[in-house]
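For reference, data_7.pdb is printed below; it contains PDB, C-alpha atoms, pLDDT in the B column.
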ATOM      1  CA  MET B 299     101.409 130.335  85.898  1.00 85.00           C
ATOM      2  CA  GLY B 300     104.857 129.543  87.237  1.00 88.00           C
ATOM      3  CA  ARG B 301     106.598 132.018  89.535  1.00 90.00           C
ATOM      4  CA  PRO B 302     110.259 132.298  90.564  1.00 88.00           C
ATOM      5  CA  ASP B 303     109.396 130.490  93.813  1.00 94.00           C
ATOM      6  CA  ASP B 304     108.433 127.469  91.674  1.00 95.00           C
ATOM      7  CA  ALA B 305     111.817 127.271  89.893  1.00 96.00           C
ATOM      8  CA  ARG B 306     113.314 124.740  92.297  1.00 96.00           C
ATOM      9  CA  ALA B 307     110.386 122.319  91.921  1.00 97.00           C
ATOM     10  CA  VAL B 308     110.451 122.778  88.132  1.00 97.00           C
ATOM     11  CA  GLY B 309     114.196 122.112  88.000  1.00 96.00           C
ATOM     12  CA  VAL B 310     113.905 118.968  90.126  1.00 96.00           C
ATOM     13  CA  LEU B 311     111.034 117.548  88.032  1.00 97.00           C
ATOM     14  CA  VAL B 312     112.565 118.372  84.653  1.00 96.00           C
ATOM     15  CA  ARG B 313     116.038 117.091  85.533  1.00 96.00           C
ATOM     16  CA  ARG B 314     114.644 113.836  86.947  1.00 96.00           C
ATOM     17  CA  LEU B 315     112.562 113.173  83.826  1.00 96.00           C
ATOM     18  CA  THR B 316     115.380 114.221  81.482  1.00 95.00           C
ATOM     19  CA  ARG B 317     117.720 111.707  83.147  1.00 94.00           C
ATOM     20  CA  ARG B 318     115.117 108.961  82.765  1.00 95.00           C
ATOM     21  CA  TRP B 319     113.754 109.636  79.271  1.00 94.00           C
ATOM     22  CA  ILE B 320     116.102 111.859  77.250  1.00 93.00           C
ATOM     23  CA  VAL B 321     119.702 111.370  78.402  1.00 93.00           C
ATOM     24  CA  PRO B 322     119.872 107.673  77.385  1.00 92.00           C
ATOM     25  CA  ASP B 323     119.517 108.693  73.687  1.00 90.00           C
ATOM     26  CA  GLN B 324     122.190 111.416  73.885  1.00 92.00           C
ATOM     27  CA  SER B 325     125.957 111.509  73.900  1.00 90.00           C
ATOM     28  CA  ARG B 326     127.430 111.864  77.385  1.00 92.00           C
ATOM     29  CA  GLU B 327     128.489 115.452  76.674  1.00 91.00           C
ATOM     30  CA  ALA B 328     125.092 116.462  75.277  1.00 91.00           C
ATOM     31  CA  GLY B 329     123.257 114.840  78.186  1.00 91.00           C
ATOM     32  CA  LEU B 330     125.374 116.635  80.791  1.00 92.00           C
ATOM     33  CA  ALA B 331     125.018 119.960  78.965  1.00 91.00           C
ATOM     34  CA  LEU B 332     121.251 119.486  78.717  1.00 92.00           C
ATOM     35  CA  LEU B 333     120.966 118.776  82.439  1.00 93.00           C
ATOM     36  CA  SER B 334     123.036 121.866  83.252  1.00 91.00           C
ATOM     37  CA  ARG B 335     120.494 123.993  81.341  1.00 92.00           C
ATOM     38  CA  GLN B 336     117.635 122.725  83.510  1.00 93.00           C
ATOM     39  CA  SER B 337     118.710 123.824  86.988  1.00 94.00           C
ATOM     40  CA  ALA B 338     116.490 125.908  89.246  1.00 95.00           C
ATOM     41  CA  ALA B 339     118.689 128.954  88.534  1.00 95.00           C
ATOM     42  CA  VAL B 340     118.206 128.540  84.772  1.00 95.00           C
ATOM     43  CA  GLN B 341     114.447 127.995  85.192  1.00 96.00           C
ATOM     44  CA  ARG B 342     114.267 131.187  87.278  1.00 96.00           C
ATOM     45  CA  MET B 343     116.264 133.066  84.619  1.00 96.00           C
ATOM     46  CA  ARG B 344     113.874 131.855  81.892  1.00 96.00           C
ATOM     47  CA  MET B 345     110.925 133.096  83.934  1.00 96.00           C
ATOM     48  CA  ALA B 346     112.619 136.498  84.241  1.00 95.00           C
ATOM     49  CA  GLU B 347     113.194 136.512  80.462  1.00 96.00           C
ATOM     50  CA  GLY B 348     109.464 136.095  79.869  1.00 95.00           C
ATOM     51  CA  HIS B 349     109.141 132.376  79.181  1.00 97.00           C
ATOM     52  CA  ARG B 350     105.626 131.309  80.201  1.00 97.00           C
ATOM     53  CA  PHE B 351     105.523 128.387  82.652  1.00 97.00           C
ATOM     54  CA  HIS B 352     102.272 126.448  83.026  1.00 98.00           C
ATOM     55  CA  LEU B 353     102.309 124.064  85.980  1.00 98.00           C
ATOM     56  CA  ALA B 354     100.229 121.070  87.054  1.00 97.00           C
ATOM     57  CA  TRP B 355     100.119 120.446  90.801  1.00 97.00           C
ATOM     58  CA  LEU B 356      98.611 117.539  92.702  1.00 95.00           C
ATOM     59  CA  ASP B 357      98.235 118.812  96.253  1.00 93.00           C
ATOM     60  CA  ASP B 358     101.736 120.159  97.014  1.00 93.00           C
ATOM     61  CA  THR B 359     103.539 118.081  94.377  1.00 95.00           C
ATOM     62  CA  LEU B 360     104.486 119.440  90.967  1.00 97.00           C
ATOM     63  CA  VAL B 361     103.544 116.737  88.463  1.00 97.00           C
ATOM     64  CA  GLY B 362     103.863 118.592  85.151  1.00 98.00           C
ATOM     65  CA  VAL B 363     105.245 121.647  83.411  1.00 98.00           C
ATOM     66  CA  ALA B 364     104.862 123.237  79.973  1.00 98.00           C
ATOM     67  CA  THR B 365     107.088 126.168  79.024  1.00 98.00           C
ATOM     68  CA  ILE B 366     106.719 128.416  75.983  1.00 98.00           C
ATOM     69  CA  ARG B 367     109.236 130.952  74.701  1.00 97.00           C
ATOM     70  CA  ASP B 368     108.140 133.903  72.546  1.00 97.00           C
ATOM     71  CA  ASP B 369     104.523 132.683  72.658  1.00 97.00           C
ATOM     72  CA  SER B 370     105.364 130.152  69.940  1.00 97.00           C
ATOM     73  CA  HIS B 371     108.164 127.696  70.829  1.00 97.00           C
ATOM     74  CA  LEU B 372     107.452 124.931  73.333  1.00 97.00           C
ATOM     75  CA  THR B 373     110.714 124.431  75.213  1.00 96.00           C
ATOM     76  CA  GLN B 374     109.537 122.010  77.913  1.00 96.00           C
ATOM     77  CA  LEU B 375     106.623 119.642  78.327  1.00 98.00           C
ATOM     78  CA  PHE B 376     107.184 117.164  81.127  1.00 97.00           C
ATOM     79  CA  VAL B 377     104.823 115.079  83.232  1.00 97.00           C
ATOM     80  CA  SER B 378     106.014 112.923  86.115  1.00 97.00           C
ATOM     81  CA  THR B 379     106.243 109.319  84.938  1.00 95.00           C
ATOM     82  CA  ARG B 380     103.863 108.200  87.688  1.00 95.00           C
ATOM     83  CA  TYR B 381     101.150 110.414  86.155  1.00 96.00           C
ATOM     84  CA  HIS B 382     101.534 109.483  82.474  1.00 94.00           C
ATOM     85  CA  GLY B 383      98.341 108.509  80.702  1.00 93.00           C
ATOM     86  CA  ARG B 384      96.058 110.822  82.683  1.00 95.00           C
ATOM     87  CA  GLY B 385      95.777 113.635  80.139  1.00 95.00           C
ATOM     88  CA  ILE B 386      97.989 116.026  82.111  1.00 97.00           C
ATOM     89  CA  ALA B 387     100.337 116.744  79.193  1.00 97.00           C
ATOM     90  CA  ARG B 388      97.392 117.448  76.883  1.00 97.00           C
ATOM     91  CA  ARG B 389      95.785 119.810  79.395  1.00 97.00           C
ATOM     92  CA  LEU B 390      99.090 121.604  79.993  1.00 97.00           C
ATOM     93  CA  TRP B 391      99.644 121.962  76.252  1.00 97.00           C
ATOM     94  CA  LEU B 392      96.111 123.215  75.590  1.00 97.00           C
ATOM     95  CA  ARG B 393      96.442 125.751  78.404  1.00 97.00           C
ATOM     96  CA  ALA B 394      99.853 126.947  77.148  1.00 97.00           C
ATOM     97  CA  MET B 395      98.581 127.149  73.565  1.00 97.00           C
ATOM     98  CA  ALA B 396      95.439 129.055  74.572  1.00 96.00           C
ATOM     99  CA  ASP B 397      97.560 131.518  76.549  1.00 97.00           C
ATOM    100  CA  ALA B 398      99.853 132.131  73.550  1.00 97.00           C
ATOM    101  CA  VAL B 399      96.893 132.538  71.194  1.00 96.00           C
ATOM    102  CA  ARG B 400      95.234 134.989  73.594  1.00 96.00           C
ATOM    103  CA  ARG B 401      98.430 136.965  74.188  1.00 95.00           C
ATOM    104  CA  ALA B 402      99.914 136.983  70.687  1.00 96.00           C
ATOM    105  CA  GLY B 403      97.447 135.431  68.257  1.00 95.00           C
ATOM    106  CA  THR B 404      99.938 132.628  67.598  1.00 96.00           C
ATOM    107  CA  ARG B 405      98.992 130.269  64.762  1.00 96.00           C
ATOM    108  CA  ARG B 406     102.247 128.295  64.408  1.00 97.00           C
ATOM    109  CA  PHE B 407     103.955 126.493  67.284  1.00 98.00           C
ATOM    110  CA  THR B 408     107.334 124.786  67.138  1.00 97.00           C
ATOM    111  CA  LEU B 409     109.370 122.453  69.327  1.00 97.00           C
ATOM    112  CA  ASN B 410     112.369 120.132  69.218  1.00 95.00           C
ATOM    113  CA  ALA B 411     111.279 116.687  70.388  1.00 96.00           C
ATOM    114  CA  SER B 412     113.405 114.052  72.031  1.00 94.00           C
ATOM    115  CA  ARG B 413     113.122 110.620  70.443  1.00 92.00           C
ATOM    116  CA  CYS B 414     110.788 109.233  73.103  1.00 91.00           C
ATOM    117  CA  ALA B 415     108.490 112.286  72.967  1.00 94.00           C
ATOM    118  CA  VAL B 416     107.778 112.308  69.211  1.00 96.00           C
ATOM    119  CA  PRO B 417     104.713 109.996  69.490  1.00 95.00           C
ATOM    120  CA  ALA B 418     103.218 112.114  72.288  1.00 95.00           C
ATOM    121  CA  TYR B 419     103.656 115.311  70.295  1.00 97.00           C
ATOM    122  CA  ARG B 420     102.076 113.653  67.252  1.00 97.00           C
ATOM    123  CA  ARG B 421      99.032 112.857  69.405  1.00 95.00           C
ATOM    124  CA  LEU B 422      98.874 116.582  70.289  1.00 96.00           C
ATOM    125  CA  GLY B 423      98.782 117.486  66.578  1.00 96.00           C
ATOM    126  CA  PHE B 424     102.437 118.288  65.886  1.00 98.00           C
ATOM    127  CA  VAL B 425     104.144 117.042  62.716  1.00 98.00           C
ATOM    128  CA  ALA B 426     107.849 116.549  62.086  1.00 97.00           C
ATOM    129  CA  THR B 427     109.354 119.201  59.823  1.00 97.00           C
ATOM    130  CA  ALA B 428     112.699 117.417  59.375  1.00 96.00           C
ATOM    131  CA  GLU B 429     114.431 114.177  60.269  1.00 96.00           C
ATOM    132  CA  GLU B 430     115.965 113.628  63.688  1.00 95.00           C
ATOM    133  CA  ARG B 431     119.220 115.577  63.909  1.00 95.00           C
ATOM    134  CA  LEU B 432     121.705 117.171  66.271  1.00 91.00           C
ATOM    135  CA  SER B 433     120.655 120.580  67.557  1.00 86.00           C
ATOM    136  CA  PRO B 434     123.206 123.395  67.820  1.00 81.00           C
ATOM    137  CA  ASN B 435     123.635 122.267  71.452  1.00 84.00           C
ATOM    138  CA  GLY B 436     124.482 118.735  70.327  1.00 88.00           C
ATOM    139  CA  VAL B 437     121.179 117.220  71.510  1.00 91.00           C
ATOM    140  CA  LEU B 438     119.483 114.694  69.226  1.00 93.00           C
ATOM    141  CA  THR B 439     115.973 116.044  68.448  1.00 95.00           C
ATOM    142  CA  THR B 440     113.247 116.084  65.820  1.00 96.00           C
ATOM    143  CA  PRO B 441     111.960 119.553  64.866  1.00 97.00           C
ATOM    144  CA  MET B 442     108.168 119.645  64.883  1.00 97.00           C
ATOM    145  CA  GLU B 443     105.408 122.171  64.359  1.00 98.00           C
ATOM    146  CA  LEU B 444     101.696 122.627  64.802  1.00 97.00           C
ATOM    147  CA  ARG B 445      99.765 125.027  62.635  1.00 95.00           C
ATOM    148  CA  ARG B 446      96.587 126.211  64.245  1.00 86.00           C
ATOM    149  CA  ASP B 447      93.559 126.887  62.078  1.00 78.00           C
ATOM    150  CA  PRO B 448      92.098 130.157  63.422  1.00 63.00           C
ATOM    151  CA  ALA B 449      88.548 128.841  62.891  1.00 58.00           C
ATOM    152  CA  HIS B 450      89.251 125.725  65.003  1.00 53.00           C
ATOM    153  CA  ARG B 451      88.796 126.194  68.737  1.00 54.00           C
ATOM    154  CA  GLN B 452      90.273 123.838  71.314  1.00 51.00           C
ATOM    155  CA  ARG B 453      89.409 123.853  74.988  1.00 50.00           C
ATOM    156  CA  ALA B 454      92.023 123.745  77.729  1.00 46.00           C
TER     157      ALA B 454
END
I need this file expressed as structure tokens, please.
Amino acid sequence: MGRPDDARAVGVLVRRLTRRWIVPDQSREAGLALLSRQSAAVQRMRMAEGHRFHLAWLDDTLVGVATIRDDSHLTQLFVSTRYHGRGIARRLWLRAMADAVRRAGTRRFTLNASRCAVPAYRRLGFVATAEERLSPNGVLTTPMELRRDPAHRQRA
């Protein structure tokens, strides 16, 4: 579980990956605003507000992060590009989902996916609930959800 001391590493990882994968599909203004909401200070504030941060470390290097708000809305799922294809995102998601189910009995999870992330979220079981559109923050995203069958158990 992420702690305030981890906020700097989270901010660095998330901002680097956002610049590489998300910003190119956004307007300049939306991209800059998105990056400003991913600083270490903002990550620390989200931790203080109760967002749950699940982190993947390789030795002393943060290689992935999954963040859930209100035990139901996935706000961040990032894995360092170098480590794509190793199942880290799936393990982070399964751990975050299991934590939310344990804590709150959550059966429905939501997220707003960037264009490049939609296929990855589909592989995790999410489905689009609307077409790609501008969020209230001006970021181009696709709203998605995953409904969890209470009889179906997944392992983290």
Self-check item: Proximity to Met395 (chain B) - best of B:Leu422, B:Ala411, B:Val416, B:Val377, all atoms listed in the file
Solution: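 When distances to Met395 (chain B) are compared using all atoms listed in the file, the smallest one comes from B:Leu422.
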Quiz prompt | Distance of CA of Gly348 (chain B) from CA of Arg400 (chain B), expressed in Å to one decimal place | solution =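 Computing it gives 15.6 Å between the two atoms.
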Quiz item: Pick the closest to Leu311 (chain B) from B:Arg446, B:Arg405, B:Arg380, B:Arg420: which is it, counting all atoms listed in the file?
Solution: B:Arg380
Self-check item: For region 363-370 of chain B: contacts at 9 Å, all atoms listed in the file, fewer than 2 positions along chain excluded, given as a PyMOL selection string
Solution: chain B and resi 300+308+311-312+344+347-354+360-361+372-377+387+390-391+393-395+397-399+401-409
Practice problem: Name the residues captured by the PyMOL selection byres ((chain B and resi 438) around 12) when it is applied to the shown file; answer as a ChimeraX atom specification. | Solution: /B:320-329,332,410-416,429-437,439-441
Quiz item: What is the distance between CA of Met345 (chain B) and CA of Arg445 (chain B), in Å to one decimal?
Solution: 25.4 Å
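CA of Leu330 (chain B) is found 10.3 Å from CA of Thr316 (chain B).
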Please work out which residues fall within 7 Å of (117.7, 124.8, 89.1), coordinates as given in the file, with all atoms listed in the file counting, and return them as a PDB file with C-alpha atoms, in the coordinates of the input.
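Just written: result_35.pdb:
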ATOM      1  CA  ALA B 305     111.817 127.271  89.893  1.00 96.00           C
ATOM      2  CA  ARG B 306     113.314 124.740  92.297  1.00 96.00           C
ATOM      3  CA  GLY B 309     114.196 122.112  88.000  1.00 96.00           C
ATOM      4  CA  GLN B 336     117.635 122.725  83.510  1.00 93.00           C
ATOM      5  CA  SER B 337     118.710 123.824  86.988  1.00 94.00           C
ATOM      6  CA  ALA B 338     116.490 125.908  89.246  1.00 95.00           C
ATOM      7  CA  ALA B 339     118.689 128.954  88.534  1.00 95.00           C
ATOM      8  CA  VAL B 340     118.206 128.540  84.772  1.00 95.00           C
ATOM      9  CA  GLN B 341     114.447 127.995  85.192  1.00 96.00           C
TER      10      GLN B 341
END
Quiz item: Of the candidates B:Ser334, B:Leu315, B:Ala346, B:Leu444, which shows the shortest atom-to-atom distance to Ser378 (chain B), using only C-alpha atoms?
Solution: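 For Ser378 (chain B), the nearest of the candidates is B:Leu315.
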